[in-house]
Amino acid sequence: MRTNLNVALQAGALLAFAALRFTAPGWFLIILIVTLVGPALLTVPTVLSLTVLRRRVLGPAVTAPFVACAGFLLAGGLLMPDFGDTADSVRAPLTVLLESAGLPAGPTEPLYVLGSLALAGWSVSLVWLGVALALDARRTHRVPGPPHPAWVRPVS
């Protein structure tokens with residue numbers, strides 16, 4: 001995967017997550033906005049995608065965790081219900097989008113499980129991404145060889 005495409009994927013997933021969370025606002029969104037840890041943690045894949053930008057192309061071992069992070073973040077943003085002060089304020093962005101399209105939304109209980117699995121998958125893929133980047137940096141780190149003869153001053 002090209003690194004500029006990866007940056008666009010990570011930034012797009014983060015913006016889509018934010019947009020999805022704003023479709024069903026509740027206490028989860030307020031807590032996410034007020035705390036510093038939540039937004040900082042969500043930006044880690046985007047920041048890491050910027051740090052590998054100079055490589056031009058990512059190998060499959062690094063591309064897979066980046067794609068997993070983006071996919072799980074979108075799934076978690078779409079499926080995780082938010083909670084409010086009343087019983088009818090428990091809504092997931094998926095149910096809000098289905099209701100706005102005129103389709104029946106169904107119960108939100110299965111969405112808790114799916115949303116929790118998606119957020120757990122995002123957490124695991126974030127750790128996977130860190131390990132993949134560390135291993136890739138070790139693999140691509142080469143011992144410098146002797147300098148080119150044209151770069152060395154003749155000793156006289």
# chains A, B, ... in the order shown; residues from 1 in each chain; ligands from 1
$ select_by_dssp --residues "stretch 34-151 of chain A" --states "helix (DSSP H, G or I)" --output "MDAnalysis selection string"
chainID A and resid 34 37:42 44:51 53:55 60:79 87:89 93:100 109:140 149:151
$ residues_around --residues "stretch 109-117 of chain A" --least-positions-apart "3" --cutoff "8 Å" --atoms "only C-alpha atoms" --output "list of chain:residue names"
A:Ala75, A:Gly76, A:Gly77, A:Leu78, A:Leu79, A:Met80, A:Pro81, A:Ala92, A:Ala120, A:Gly121
$ atom_distance --atom1 "atom CA of A:Gly130" --atom2 "atom CA of A:Phe22"
28.7 Å
$ residues_around --residues "stretch 9-15 of chain A" --least-positions-apart "3" --cutoff "6 Å" --atoms "only C-alpha atoms" --output "NGL selection string"
:A and (6 or 18 or 46 or 70)
